[in-house]
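Next comes data-v9.cif, with mmCIF, C-alpha atoms and all ligand atoms.
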data_start
#
loop_
_atom_site.label_atom_id
_atom_site.label_comp_id
_atom_site.auth_asym_id
_atom_site.auth_seq_id
_atom_site.Cartn_x
_atom_site.Cartn_y
_atom_site.Cartn_z
CA MET A 977 101.50 90.11 111.19
CA GLU A 978 102.24 87.26 108.76
CA ASP A 979 99.56 86.29 106.19
CA ASP A 980 98.58 83.20 108.18
CA GLY A 981 97.82 85.29 111.28
CA ARG A 982 101.08 84.54 113.10
CA VAL A 983 102.77 87.43 114.84
CA ALA A 984 105.89 88.71 113.14
CA SER A 985 108.72 87.90 115.51
CA GLY A 986 111.41 90.32 116.57
CA SER A 987 114.94 89.25 117.34
CA ALA A 988 114.94 89.79 121.12
CA SER A 989 116.84 87.15 123.02
CA GLY A 990 116.13 85.88 126.54
CA ARG A 991 112.87 85.37 128.37
CA VAL A 992 111.19 88.34 130.01
CA GLY A 993 109.06 88.20 133.16
CA VAL A 994 105.71 90.00 133.24
CA TRP A 995 104.66 90.42 136.87
CA LEU A 996 101.03 91.50 137.19
CA ILE A 997 99.75 93.21 140.35
CA GLY A 998 96.14 92.02 140.49
CA ALA A 999 97.17 88.87 138.58
CA ARG A 1000 93.76 87.18 138.72
CA GLY A 1001 91.67 90.22 137.82
CA SER A 1002 89.80 90.51 134.52
CA VAL A 1003 92.46 92.50 132.66
CA ALA A 1004 95.34 90.33 133.93
CA THR A 1005 93.54 87.05 133.14
CA THR A 1006 92.63 88.23 129.63
CA ALA A 1007 96.25 89.34 129.05
CA ILE A 1008 97.67 85.97 130.17
CA VAL A 1009 95.15 83.98 128.08
CA GLY A 1010 95.80 86.30 125.11
CA ALA A 1011 99.59 86.02 125.31
CA ALA A 1012 99.38 82.21 125.42
CA ALA A 1013 96.98 82.16 122.46
CA LEU A 1014 99.23 84.52 120.47
CA ALA A 1015 102.36 82.52 121.30
CA ARG A 1016 100.67 79.42 119.87
CA SER A 1017 99.20 81.31 116.89
CA LEU A 1018 95.66 80.38 117.97
CA VAL A 1019 94.36 83.92 117.40
CA ARG A 1020 95.19 87.04 115.38
CA PRO A 1021 96.81 89.95 117.26
CA THR A 1022 93.78 92.23 116.80
CA GLY A 1023 94.14 95.28 119.05
CA VAL A 1024 97.87 94.66 119.66
CA VAL A 1025 99.63 97.84 118.50
CA SER A 1026 103.11 96.33 118.90
CA ALA A 1027 102.17 93.69 116.30
CA THR A 1028 101.66 96.41 113.65
CA GLU A 1029 104.42 98.11 111.63
CA PRO A 1030 106.80 99.69 112.31
CA LEU A 1031 106.78 98.34 115.88
CA ALA A 1032 106.42 94.72 114.72
CA SER A 1033 109.85 94.96 113.08
CA ALA A 1034 111.57 96.10 116.29
CA SER A 1035 113.27 93.52 118.49
CA LEU A 1036 110.56 93.44 121.16
CA PRO A 1037 110.27 90.25 123.23
CA ASP A 1038 108.15 87.65 121.42
CA PHE A 1039 104.93 86.42 123.01
CA ASP A 1040 106.44 82.97 123.60
CA HIS A 1041 109.30 84.65 125.51
CA LEU A 1042 106.97 86.17 128.12
CA VAL A 1043 106.73 84.41 131.50
CA PHE A 1044 103.82 85.50 133.71
CA GLY A 1045 103.57 85.79 137.48
CA GLY A 1046 102.23 88.32 139.94
CA HIS A 1047 100.70 89.33 143.23
CA GLU A 1048 97.04 88.80 144.04
CA VAL A 1049 94.76 88.86 147.10
CA SER A 1050 92.24 86.41 145.56
CA ASP A 1051 92.76 82.61 145.51
CA ALA A 1052 90.48 81.82 142.53
CA PRO A 1053 92.62 79.89 139.98
CA LEU A 1054 93.25 81.58 136.64
CA LEU A 1055 91.51 78.80 134.70
CA LYS A 1056 88.33 79.36 136.71
CA ARG A 1057 88.60 83.14 136.26
CA ALA A 1058 89.14 82.67 132.51
CA GLY A 1059 86.14 80.31 132.36
CA LEU A 1060 83.91 83.01 133.90
CA LEU A 1061 85.20 85.59 131.39
CA ALA A 1062 84.48 83.12 128.55
CA GLU A 1063 80.92 82.58 129.82
CA GLU A 1064 80.46 86.37 129.73
CA GLY A 1065 81.69 86.46 126.12
CA VAL A 1066 84.97 88.29 126.86
CA LEU A 1067 87.02 85.27 125.69
CA PRO A 1068 86.16 82.65 123.04
CA LEU A 1069 84.36 79.84 124.91
CA THR A 1070 86.92 77.11 124.16
CA LEU A 1071 90.07 79.21 124.58
CA PRO A 1072 90.65 78.84 128.37
CA ALA A 1073 90.83 75.04 128.12
CA MET A 1074 93.22 75.30 125.14
CA VAL A 1075 95.71 77.34 127.19
CA ALA A 1076 95.11 75.56 130.53
CA ASP A 1077 98.80 74.55 130.85
CA GLU A 1078 100.01 78.14 130.46
CA LEU A 1079 97.40 79.31 132.99
CA ALA A 1080 98.56 76.67 135.49
CA GLU A 1081 102.21 77.79 134.98
CA ALA A 1082 101.26 81.44 135.61
CA ASP A 1083 99.14 80.44 138.65
CA ALA A 1084 102.19 78.72 140.17
CA ASN A 1085 104.05 82.06 139.93
CA ILE A 1086 101.39 84.10 141.78
CA ARG A 1087 102.22 85.22 145.32
CA PRO A 1088 99.96 86.71 148.04
CA GLY A 1089 99.24 90.40 147.44
CA ALA A 1090 100.44 93.14 149.74
CA THR A 1091 98.17 95.48 151.63
CA VAL A 1092 98.92 98.63 153.59
CA ASP A 1093 99.43 97.33 157.12
CA THR A 1094 97.77 99.28 159.89
CA THR A 1095 99.03 96.97 162.67
CA GLY A 1096 102.42 98.62 163.03
CA LYS A 1097 104.43 96.50 160.55
CA ARG A 1098 107.09 98.63 158.89
CA PRO A 1099 106.14 99.39 155.24
CA MET A 1100 109.79 98.68 154.36
CA GLU A 1101 109.21 95.04 155.40
CA THR A 1102 106.35 94.82 152.91
CA ILE A 1103 108.55 96.37 150.19
CA GLU A 1104 111.33 93.89 150.99
CA ARG A 1105 108.90 90.96 150.81
CA ILE A 1106 107.60 92.11 147.39
CA GLY A 1107 111.21 92.60 146.22
CA GLU A 1108 112.15 89.08 147.32
CA ASP A 1109 109.22 87.64 145.34
CA LEU A 1110 110.42 89.52 142.24
CA ARG A 1111 114.06 88.45 142.61
CA GLU A 1112 113.05 84.83 143.22
CA PHE A 1113 110.83 84.89 140.08
CA ARG A 1114 113.67 86.37 138.00
CA SER A 1115 116.28 83.85 139.15
CA ARG A 1116 114.02 80.74 139.16
CA HIS A 1117 113.07 81.28 135.52
CA GLY A 1118 116.45 82.66 134.38
CA LEU A 1119 114.75 85.85 133.14
CA SER A 1120 116.80 88.57 131.48
CA ARG A 1121 114.55 91.19 133.12
CA VAL A 1122 111.14 91.64 134.74
CA VAL A 1123 108.48 94.26 134.06
CA VAL A 1124 105.91 94.83 136.81
CA VAL A 1125 102.48 95.95 135.55
CA ASN A 1126 99.89 97.26 137.99
CA VAL A 1127 96.40 96.05 136.99
CA SER A 1128 95.10 95.93 140.55
CA SER A 1129 91.92 97.60 141.84
CA THR A 1130 91.93 101.40 141.60
CA GLU A 1131 92.87 103.19 144.82
CA ALA A 1132 91.75 106.53 146.20
CA PRO A 1133 94.17 109.43 145.51
CA ALA A 1134 97.12 109.39 147.94
CA GLU A 1135 97.43 112.21 150.44
CA ALA A 1136 100.56 114.33 150.06
CA HIS A 1137 103.11 113.77 152.87
CA PRO A 1138 106.36 115.63 153.68
CA ALA A 1139 108.24 112.30 153.38
CA HIS A 1140 107.42 112.32 149.63
CA SER A 1141 109.81 115.23 149.11
CA ASP A 1142 113.08 113.27 148.80
CA LEU A 1143 114.32 109.68 148.84
CA PRO A 1144 116.20 109.74 152.19
CA SER A 1145 113.10 111.13 153.99
CA LEU A 1146 110.88 108.54 152.33
CA ARG A 1147 113.23 105.68 153.25
CA GLU A 1148 113.39 106.87 156.83
CA ALA A 1149 109.60 107.09 157.13
CA LEU A 1150 109.12 103.61 155.61
CA GLU A 1151 111.80 102.13 157.90
CA SER A 1152 110.28 103.66 160.99
CA GLY A 1153 106.78 102.31 160.37
CA HIS A 1154 104.91 105.28 158.89
CA ALA A 1155 102.26 104.33 156.31
CA VAL A 1156 103.15 107.16 153.93
CA LEU A 1157 102.65 105.24 150.66
CA PRO A 1158 99.52 103.63 149.22
CA GLU A 1159 99.71 99.98 148.04
CA SER A 1160 100.37 100.88 144.40
CA SER A 1161 103.43 102.92 145.45
CA LEU A 1162 104.72 100.15 147.74
CA TYR A 1163 104.65 97.89 144.68
CA ALA A 1164 106.27 100.58 142.52
CA TYR A 1165 109.00 101.20 145.10
CA ALA A 1166 109.71 97.45 145.44
CA ALA A 1167 109.80 96.96 141.65
CA LEU A 1168 112.18 99.86 140.96
CA ASP A 1169 114.37 98.97 143.95
CA ALA A 1170 114.67 95.37 142.67
CA GLY A 1171 115.78 96.65 139.24
CA CYS A 1172 112.45 95.90 137.54
CA SER A 1173 110.68 98.34 135.24
CA PHE A 1174 107.18 99.40 136.31
CA VAL A 1175 103.99 100.18 134.39
CA ASP A 1176 100.89 101.63 136.02
CA PHE A 1177 97.82 100.69 133.99
CA THR A 1178 95.56 102.09 136.74
CA PRO A 1179 94.84 105.66 137.89
CA SER A 1180 96.43 104.90 141.31
CA THR A 1181 99.50 106.80 142.53
CA GLY A 1182 102.01 104.06 141.61
CA ALA A 1183 105.37 105.57 140.59
CA ARG A 1184 103.81 109.06 140.22
CA LEU A 1185 105.81 110.68 143.03
CA PRO A 1186 108.99 112.71 142.41
CA THR A 1187 110.80 110.53 144.95
CA LEU A 1188 110.00 107.38 143.00
CA GLU A 1189 111.22 109.05 139.79
CA GLU A 1190 114.44 109.68 141.75
CA LEU A 1191 114.56 105.98 142.70
CA ALA A 1192 114.01 104.91 139.06
CA LEU A 1193 116.92 107.11 137.94
CA GLU A 1194 119.12 105.85 140.80
CA LYS A 1195 118.40 102.22 139.83
CA ASN A 1196 118.58 102.85 136.04
CA VAL A 1197 115.09 101.50 135.36
CA PRO A 1198 112.23 102.94 133.30
CA HIS A 1199 108.59 103.31 134.29
CA ALA A 1200 105.39 104.24 132.46
CA GLY A 1201 101.84 105.26 133.35
CA ARG A 1202 99.20 105.96 134.13
CA ASP A 1203 95.70 104.61 133.49
CA GLY A 1204 95.32 102.72 130.22
CA LYS A 1205 93.45 104.67 127.52
CA THR A 1206 90.93 102.16 126.19
CA GLY A 1207 87.50 103.71 125.68
CA GLU A 1208 85.87 107.11 125.95
CA THR A 1209 89.20 108.88 126.54
CA LEU A 1210 90.71 107.14 123.50
CA VAL A 1211 87.90 108.52 121.34
CA LYS A 1212 88.33 111.98 122.88
CA SER A 1213 92.04 112.06 122.05
CA ALA A 1214 91.27 111.14 118.43
CA LEU A 1215 88.26 113.44 118.04
CA ALA A 1216 89.34 116.63 119.84
CA PRO A 1217 92.17 117.30 117.31
CA MET A 1218 89.55 117.24 114.50
CA PHE A 1219 87.75 120.23 116.03
CA SER A 1220 91.07 122.06 116.42
CA SER A 1221 92.27 121.34 112.90
CA ARG A 1222 89.00 122.73 111.42
CA ALA A 1223 89.14 125.78 113.74
CA LEU A 1224 85.79 124.79 115.30
CA ARG A 1225 85.44 125.95 118.90
CA VAL A 1226 84.27 123.36 121.44
CA ARG A 1227 82.04 125.03 124.06
CA SER A 1228 81.43 121.99 126.32
CA TRP A 1229 82.13 118.24 126.27
CA THR A 1230 80.06 116.08 128.63
CA GLY A 1231 80.86 112.40 129.21
CA MET A 1232 78.49 109.94 130.93
CA ASN A 1233 79.87 106.44 131.57
CA VAL A 1234 78.31 103.23 132.92
CA LEU A 1235 80.25 100.04 133.58
CA GLY A 1236 80.10 96.79 135.57
CA GLY A 1237 82.75 94.22 136.52
CA GLY A 1238 85.33 94.37 139.34
CA ASP A 1239 86.59 97.72 138.10
CA GLY A 1240 83.09 99.22 138.10
CA GLU A 1241 82.49 97.87 141.61
CA SER A 1242 85.76 99.44 142.86
CA LEU A 1243 84.75 102.74 141.30
CA SER A 1244 81.42 102.70 143.14
CA ASP A 1245 83.52 103.88 146.12
CA PRO A 1246 83.52 107.72 145.84
CA ASP A 1247 87.20 108.06 146.93
CA ARG A 1248 88.45 105.56 144.33
CA LEU A 1249 86.16 107.11 141.72
CA GLN A 1250 87.95 110.41 142.30
CA SER A 1251 91.24 108.90 140.96
CA LYS A 1252 89.52 107.84 137.70
CA VAL A 1253 87.70 111.13 137.22
CA GLU A 1254 90.98 113.03 137.72
CA SER A 1255 92.92 110.87 135.24
CA LYS A 1256 90.16 111.28 132.59
CA GLY A 1257 89.72 114.98 133.29
CA GLN A 1258 92.59 116.70 131.50
CA VAL A 1259 92.38 115.13 128.06
CA VAL A 1260 89.86 117.44 126.37
CA GLU A 1261 91.46 120.70 127.54
CA ASP A 1262 94.99 119.54 126.80
CA ALA A 1263 94.04 118.24 123.34
CA LEU A 1264 92.13 121.43 122.46
CA GLY A 1265 94.62 123.82 124.07
CA TYR A 1266 92.02 125.95 125.85
CA SER A 1267 89.79 125.77 128.89
CA VAL A 1268 86.41 124.11 128.29
CA GLU A 1269 83.60 122.85 130.51
CA SER A 1270 84.08 119.05 130.35
CA PRO A 1271 82.37 117.16 133.20
CA VAL A 1272 82.82 113.37 133.38
CA ARG A 1273 80.45 111.04 135.23
CA ILE A 1274 80.98 107.31 135.91
CA ASP A 1275 78.32 104.98 137.36
CA TYR A 1276 78.55 101.32 138.36
CA VAL A 1277 75.81 99.07 136.95
CA ARG A 1278 76.48 95.49 138.08
CA ASP A 1279 74.29 93.99 135.35
CA LEU A 1280 76.68 95.23 132.63
CA GLY A 1281 79.52 92.91 133.74
CA GLU A 1282 82.63 93.49 131.62
CA TRP A 1283 80.89 95.93 129.26
CA LYS A 1284 81.01 99.69 129.44
CA THR A 1285 79.09 102.38 127.60
CA ALA A 1286 80.00 106.03 127.20
CA TRP A 1287 77.62 108.72 125.93
CA ASP A 1288 79.33 111.94 125.01
CA HIS A 1289 77.66 115.22 124.14
CA ILE A 1290 79.82 117.86 122.46
CA SER A 1291 78.56 121.38 121.94
CA PHE A 1292 80.62 123.47 119.51
CA GLU A 1293 80.42 126.58 117.39
CA GLY A 1294 81.41 127.29 113.82
CA PHE A 1295 81.58 130.26 111.42
CA LEU A 1296 79.87 133.40 112.76
CA GLY A 1297 79.26 131.66 116.09
CA THR A 1298 76.67 129.17 114.77
CA ARG A 1299 75.94 126.58 117.49
CA MET A 1300 76.14 122.86 116.63
CA LYS A 1301 76.26 119.51 118.48
CA MET A 1302 77.77 116.10 118.17
CA HIS A 1303 76.87 112.99 120.19
CA PHE A 1304 78.62 109.63 120.22
CA ILE A 1305 78.08 106.29 121.94
CA TRP A 1306 80.99 103.94 122.63
CA GLU A 1307 80.22 100.40 123.76
CA GLY A 1308 83.33 98.47 124.72
CA CYS A 1309 84.33 95.22 126.38
CA ASP A 1310 86.65 96.43 129.12
CA SER A 1311 89.22 93.64 129.30
CA ALA A 1312 89.28 92.95 125.56
CA LEU A 1313 90.31 96.59 125.08
CA ALA A 1314 92.79 96.67 127.95
CA ALA A 1315 94.60 93.31 127.71
CA PRO A 1316 96.37 93.89 124.35
CA LEU A 1317 97.64 97.24 125.65
CA VAL A 1318 99.02 95.51 128.75
CA LEU A 1319 100.95 93.18 126.42
CA ASP A 1320 102.13 96.15 124.29
CA LEU A 1321 103.30 98.01 127.39
CA ALA A 1322 105.05 94.96 128.85
CA ARG A 1323 106.91 94.36 125.56
CA LEU A 1324 107.81 98.03 124.96
CA THR A 1325 108.85 98.79 128.55
CA SER A 1326 111.09 95.73 128.88
CA TYR A 1327 112.56 96.57 125.45
CA ALA A 1328 113.28 100.15 126.61
CA HIS A 1329 114.86 98.74 129.78
CA ALA A 1330 117.10 96.48 127.70
CA ARG A 1331 118.13 99.52 125.62
CA GLY A 1332 119.22 101.44 128.73
CA GLU A 1333 116.24 103.82 129.07
CA LYS A 1334 115.47 105.03 132.60
CA GLY A 1335 112.91 107.23 134.38
CA ALA A 1336 109.48 108.11 132.94
CA LEU A 1337 108.95 106.77 129.39
CA VAL A 1338 107.26 109.84 127.88
CA PRO A 1339 106.84 108.32 124.36
CA LEU A 1340 104.44 105.71 125.81
CA ALA A 1341 101.88 108.54 126.35
CA PHE A 1342 99.90 106.99 123.43
CA PHE A 1343 98.65 104.28 125.81
CA PHE A 1344 97.59 106.42 128.77
CA LYS A 1345 94.82 108.76 129.91
CA ASP A 1346 97.19 110.69 132.19
CA PRO A 1347 100.66 110.16 130.72
CA ALA A 1348 103.73 110.64 132.90
CA GLY A 1349 105.85 113.57 131.76
CA SER A 1350 103.56 114.64 128.89
CA ARG A 1351 100.56 116.94 128.26
CA GLU A 1352 100.35 115.75 124.63
CA HIS A 1353 96.87 114.20 124.13
CA ASN A 1354 96.63 114.22 120.32
CA LEU A 1355 96.41 110.50 119.47
CA ASP A 1356 98.04 110.84 116.04
CA ARG A 1357 100.97 112.83 117.37
CA GLN A 1358 101.35 110.38 120.26
CA LEU A 1359 101.56 107.44 117.81
CA THR A 1360 104.14 109.26 115.68
CA GLU A 1361 106.23 109.99 118.78
CA LEU A 1362 106.00 106.34 119.87
CA CYS A 1363 107.07 104.97 116.49
CA GLU A 1364 109.94 107.47 116.09
CA TRP A 1365 111.19 106.65 119.58
CA VAL A 1366 111.18 102.87 118.96
CA MET A 1367 112.87 103.28 115.57
CA GLY A 1368 115.47 105.52 117.26
CA LEU A 1369 116.19 102.87 119.90
CA GLU A 1370 116.30 100.18 117.23
CA ASN A 1371 118.80 102.04 115.10
CA GLY A 1372 120.68 103.71 117.97
N1 LIG B 1401 89.64 97.52 131.48
C1 LIG B 1401 89.97 98.71 131.05
O1 LIG B 1401 89.60 99.11 129.97
C2 LIG B 1401 90.87 99.54 131.91
C3 LIG B 1401 91.33 100.74 131.39
C4 LIG B 1401 92.16 101.53 132.17
C5 LIG B 1401 92.50 101.12 133.45
N2 LIG B 1401 92.02 99.97 133.95
C6 LIG B 1401 92.38 99.62 135.33
O2 LIG B 1401 92.89 98.31 135.42
C7 LIG B 1401 92.65 97.82 136.75
C8 LIG B 1401 92.14 96.39 136.67
O3 LIG B 1401 90.86 96.35 136.09
P1 LIG B 1401 90.05 94.97 136.12
O4 LIG B 1401 88.84 95.18 135.30
O5 LIG B 1401 90.95 93.83 135.81
O6 LIG B 1401 89.62 94.92 137.66
P2 LIG B 1401 89.39 93.61 138.54
O7 LIG B 1401 88.63 94.09 139.73
O8 LIG B 1401 88.82 92.53 137.73
O9 LIG B 1401 90.87 93.15 138.96
C9 LIG B 1401 91.61 93.75 139.98
C10 LIG B 1401 92.35 92.63 140.72
O10 LIG B 1401 93.25 93.24 141.67
C11 LIG B 1401 93.26 92.41 142.83
N3 LIG B 1401 93.78 93.17 143.97
C12 LIG B 1401 93.14 94.08 144.74
N4 LIG B 1401 93.99 94.55 145.70
C13 LIG B 1401 95.19 93.95 145.50
C14 LIG B 1401 96.45 94.03 146.17
N5 LIG B 1401 96.65 94.82 147.21
N6 LIG B 1401 97.47 93.26 145.68
C15 LIG B 1401 97.29 92.43 144.63
N7 LIG B 1401 96.11 92.31 143.97
C16 LIG B 1401 95.07 93.06 144.41
C17 LIG B 1401 91.79 92.00 142.97
O11 LIG B 1401 91.66 90.83 143.80
C18 LIG B 1401 91.41 91.73 141.52
O12 LIG B 1401 91.63 90.37 141.15
C19 LIG B 1401 91.70 98.83 137.41
O13 LIG B 1401 92.43 99.67 138.28
C20 LIG B 1401 91.18 99.63 136.24
O14 LIG B 1401 90.82 100.97 136.60
C21 LIG B 1401 91.22 99.16 133.21
#

Go ahead and express the file in the form of structure tokens.
Ligand SMILES: NC(=O)c1ccc[n+]([C@@H]2O[C@H](COP(=O)([O-])OP(=O)(O)OC[C@H]3O[C@@H](n4cnc5c(N)ncnc54)[C@H](O)[C@@H]3O)[C@@H](O)[C@H]2O)c1
Amino acid sequence: MEDDGRVASGSASGRVGVWLIGARGSVATTAIVGAAALARSLVRPTGVVSATEPLASASLPDFDHLVFGGHEVSDAPLLKRAGLLAEEGVLPLTLPAMVADELAEADANIRPGATVDTTGKRPMETIERIGEDLREFRSRHGLSRVVVVNVSSTEAPAEAHPAHSDLPSLREALESGHAVLPESSLYAYAALDAGCSFVDFTPSTGARLPTLEELALEKNVPHAGRDGKTGETLVKSALAPMFSSRALRVRSWTGMNVLGGGDGESLSDPDRLQSKVESKGQVVEDALGYSVESPVRIDYVRDLGEWKTAWDHISFEGFLGTRMKMHFIWEGCDSALAAPLVLDLARLTSYAHARGEKGALVPLAFFFKDPAGSREHNLDRQLTELCEWVMGLENG
């Protein structure tokens, strides 16, 4: 960042499309407002990792080179959505009106969301319709490339199906009208097939099927996921390595979470909740390197709105088996934590795409609870890997 708060600009050329699935949700709206405010130097890039060195020196697309669009099932205009977030204290009260033009431009690029059709429509038709929207967006704005970021409502885990085993079987099933993919994977398929990179910020299935990895490699596009690491899990991935490095043995790690907002409401459905619990579940054991009792509980409390609280209780033992405890409380504003990471991921993934990367972007594990292609959950090591990777691409 420059001394006056402006974001150091890279040397990327061309405008890049950022296509948000769930484009009028809390995270998407905060990301669009934030990008507009950063492009006009109205705010500091607090929480934006790609605005810190050494990433800030890489030729990532600048904030004023990002063009937003997306798919959404809600009609509420972005300015109205941003106004509600400002009333809740997620955004500065006057900011939505200051970026009203940018919000109107993004609104004009939002297309009706896709849902899994149970009336017999072939899923391939839905994929083709999503693909057409993406191609039209890319050509209408003369974009050098488009990154699709899923920030839609969390889905329940997808059931395994024999058609997931290889690309020809999957194509055949989708052509012949079998609903073998959840919505997030229809979007992922359409994005990769249209030559767009794909980021899954949610715990949904998205591109997390071997067949979709095959499609990404066939189309020479990268993808990243899944489930943005913004709160309790972020703290776990920073704290667990401390116990390991001091040879202290963690006996149990219990996490209790309460949250409100649209995300909290989605997670009040037990099937959808299962996706989130699974994506949060592996971090402690993977970071510590041994099996440990680590239950996670998440409850929806409507009154909390965009705020979430995590209480964690860690029981551990030291020299001669002496038992000790640590407790922490994390109180976060959901979208204020998530939106800058969405911007980081959009910039880094489109940059990787421009540099010829394809398939799962393992070095982006730093941003995720359940990173594709990686069991590394040590936050420091993840950041080192990220920075080395970007510097390698920059100098390569
Ligand atoms: N906020 C965080 O800290 C955080 C961290 C990690 C992951 N996430 C994930 O990000 C996602 C978004 O969170 P949020 O707080 O913005 O939720 P939200 O409920 O405010 O937004 C989700 C949006 O998706 C839209 N949507 C639902 N189905 C759709 C479809 N088929 N097509 C297009 N749009 C559709 C909804 O209308 C809504 O506007 C969630 O899955 C959440 O788990 C959030």

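The gap separating atom CA of Arg1278 of chain A from atom CA of His1303 of chain A is 25.0 Å, in Å to one decimal.
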
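You can rank A:Asp1247, A:Glu1064, A:Glu1048, A:Asp1169 by their closest distance to Ala1082 of chain A using all atoms listed in the file, and at the top of that list sits A:Glu1048.
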
Report the closest atom pair, with its distance in Å rounded to one decimal, for each residue of chain A that has an atom no farther than 8 Å from ligand LIG 1401 (chain B); count all atoms listed in the file, sort by chain and then rising residue number, and write it as JSON lines.
{"residue": "A:Ile997", "atom": "CA", "partner": "B:LIG1401", "partner_atom": "C15", "distance": 5.0}
{"residue": "A:Gly998", "atom": "CA", "partner": "B:LIG1401", "partner_atom": "O10", "distance": 3.4}
{"residue": "A:Ala999", "atom": "CA", "partner": "B:LIG1401", "partner_atom": "O12", "distance": 6.3}
{"residue": "A:Arg1000", "atom": "CA", "partner": "B:LIG1401", "partner_atom": "O12", "distance": 4.5}
{"residue": "A:Gly1001", "atom": "CA", "partner": "B:LIG1401", "partner_atom": "O9", "distance": 3.2}
{"residue": "A:Ser1002", "atom": "CA", "partner": "B:LIG1401", "partner_atom": "O5", "distance": 3.7}
{"residue": "A:Val1003", "atom": "CA", "partner": "B:LIG1401", "partner_atom": "O5", "distance": 3.7}
{"residue": "A:Ala1004", "atom": "CA", "partner": "B:LIG1401", "partner_atom": "O5", "distance": 5.9}
{"residue": "A:Thr1005", "atom": "CA", "partner": "B:LIG1401", "partner_atom": "O5", "distance": 7.7}
{"residue": "A:Gly1046", "atom": "CA", "partner": "B:LIG1401", "partner_atom": "C15", "distance": 8.0}
{"residue": "A:His1047", "atom": "CA", "partner": "B:LIG1401", "partner_atom": "C15", "distance": 4.8}
{"residue": "A:Glu1048", "atom": "CA", "partner": "B:LIG1401", "partner_atom": "N7", "distance": 3.6}
{"residue": "A:Val1049", "atom": "CA", "partner": "B:LIG1401", "partner_atom": "N7", "distance": 4.8}
{"residue": "A:Ser1050", "atom": "CA", "partner": "B:LIG1401", "partner_atom": "O11", "distance": 4.8}
{"residue": "A:Pro1088", "atom": "CA", "partner": "B:LIG1401", "partner_atom": "C15", "distance": 7.2}
{"residue": "A:Gly1089", "atom": "CA", "partner": "B:LIG1401", "partner_atom": "N6", "distance": 3.8}
{"residue": "A:Ala1090", "atom": "CA", "partner": "B:LIG1401", "partner_atom": "N5", "distance": 4.9}
{"residue": "A:Thr1091", "atom": "CA", "partner": "B:LIG1401", "partner_atom": "N5", "distance": 4.7}
{"residue": "A:Val1092", "atom": "CA", "partner": "B:LIG1401", "partner_atom": "N5", "distance": 7.8}
{"residue": "A:Asn1126", "atom": "CA", "partner": "B:LIG1401", "partner_atom": "C7", "distance": 7.4}
{"residue": "A:Val1127", "atom": "CA", "partner": "B:LIG1401", "partner_atom": "C7", "distance": 4.2}
{"residue": "A:Ser1128", "atom": "CA", "partner": "B:LIG1401", "partner_atom": "O10", "distance": 3.5}
{"residue": "A:Ser1129", "atom": "CA", "partner": "B:LIG1401", "partner_atom": "O13", "distance": 4.1}
{"residue": "A:Thr1130", "atom": "CA", "partner": "B:LIG1401", "partner_atom": "O13", "distance": 3.8}
{"residue": "A:Glu1131", "atom": "CA", "partner": "B:LIG1401", "partner_atom": "O13", "distance": 7.4}
{"residue": "A:Glu1159", "atom": "CA", "partner": "B:LIG1401", "partner_atom": "N5", "distance": 6.1}
{"residue": "A:Ser1160", "atom": "CA", "partner": "B:LIG1401", "partner_atom": "N5", "distance": 7.6}
{"residue": "A:Phe1177", "atom": "CA", "partner": "B:LIG1401", "partner_atom": "C5", "distance": 5.4}
{"residue": "A:Thr1178", "atom": "CA", "partner": "B:LIG1401", "partner_atom": "O13", "distance": 4.2}
{"residue": "A:Pro1179", "atom": "CA", "partner": "B:LIG1401", "partner_atom": "O14", "distance": 6.3}
{"residue": "A:Ser1180", "atom": "CA", "partner": "B:LIG1401", "partner_atom": "O13", "distance": 7.2}
{"residue": "A:Asp1203", "atom": "CA", "partner": "B:LIG1401", "partner_atom": "C5", "distance": 4.7}
{"residue": "A:Gly1204", "atom": "CA", "partner": "B:LIG1401", "partner_atom": "C4", "distance": 3.9}
{"residue": "A:Lys1205", "atom": "CA", "partner": "B:LIG1401", "partner_atom": "C4", "distance": 5.8}
{"residue": "A:Thr1206", "atom": "CA", "partner": "B:LIG1401", "partner_atom": "O1", "distance": 5.0}
{"residue": "A:Gly1207", "atom": "CA", "partner": "B:LIG1401", "partner_atom": "O1", "distance": 6.6}
{"residue": "A:Gly1237", "atom": "CA", "partner": "B:LIG1401", "partner_atom": "O4", "distance": 6.3}
{"residue": "A:Gly1238", "atom": "CA", "partner": "B:LIG1401", "partner_atom": "O7", "distance": 3.3}
{"residue": "A:Asp1239", "atom": "CA", "partner": "B:LIG1401", "partner_atom": "O6", "distance": 4.1}
{"residue": "A:Gly1240", "atom": "CA", "partner": "B:LIG1401", "partner_atom": "O4", "distance": 7.6}
{"residue": "A:Glu1241", "atom": "CA", "partner": "B:LIG1401", "partner_atom": "O7", "distance": 7.5}
{"residue": "A:Ser1242", "atom": "CA", "partner": "B:LIG1401", "partner_atom": "O7", "distance": 6.8}
{"residue": "A:Leu1243", "atom": "CA", "partner": "B:LIG1401", "partner_atom": "O14", "distance": 7.9}
{"residue": "A:Lys1252", "atom": "CA", "partner": "B:LIG1401", "partner_atom": "O14", "distance": 7.1}
{"residue": "A:Glu1282", "atom": "CA", "partner": "B:LIG1401", "partner_atom": "O4", "distance": 7.4}
{"residue": "A:Cys1309", "atom": "CA", "partner": "B:LIG1401", "partner_atom": "O1", "distance": 7.5}
{"residue": "A:Asp1310", "atom": "CA", "partner": "B:LIG1401", "partner_atom": "N1", "distance": 4.0}
{"residue": "A:Ser1311", "atom": "CA", "partner": "B:LIG1401", "partner_atom": "N1", "distance": 4.5}
{"residue": "A:Ala1312", "atom": "CA", "partner": "B:LIG1401", "partner_atom": "N1", "distance": 7.5}
{"residue": "A:Leu1313", "atom": "CA", "partner": "B:LIG1401", "partner_atom": "O1", "distance": 5.5}
{"residue": "A:Ala1314", "atom": "CA", "partner": "B:LIG1401", "partner_atom": "O1", "distance": 4.5}
{"residue": "A:Ala1315", "atom": "CA", "partner": "B:LIG1401", "partner_atom": "N1", "distance": 7.5}
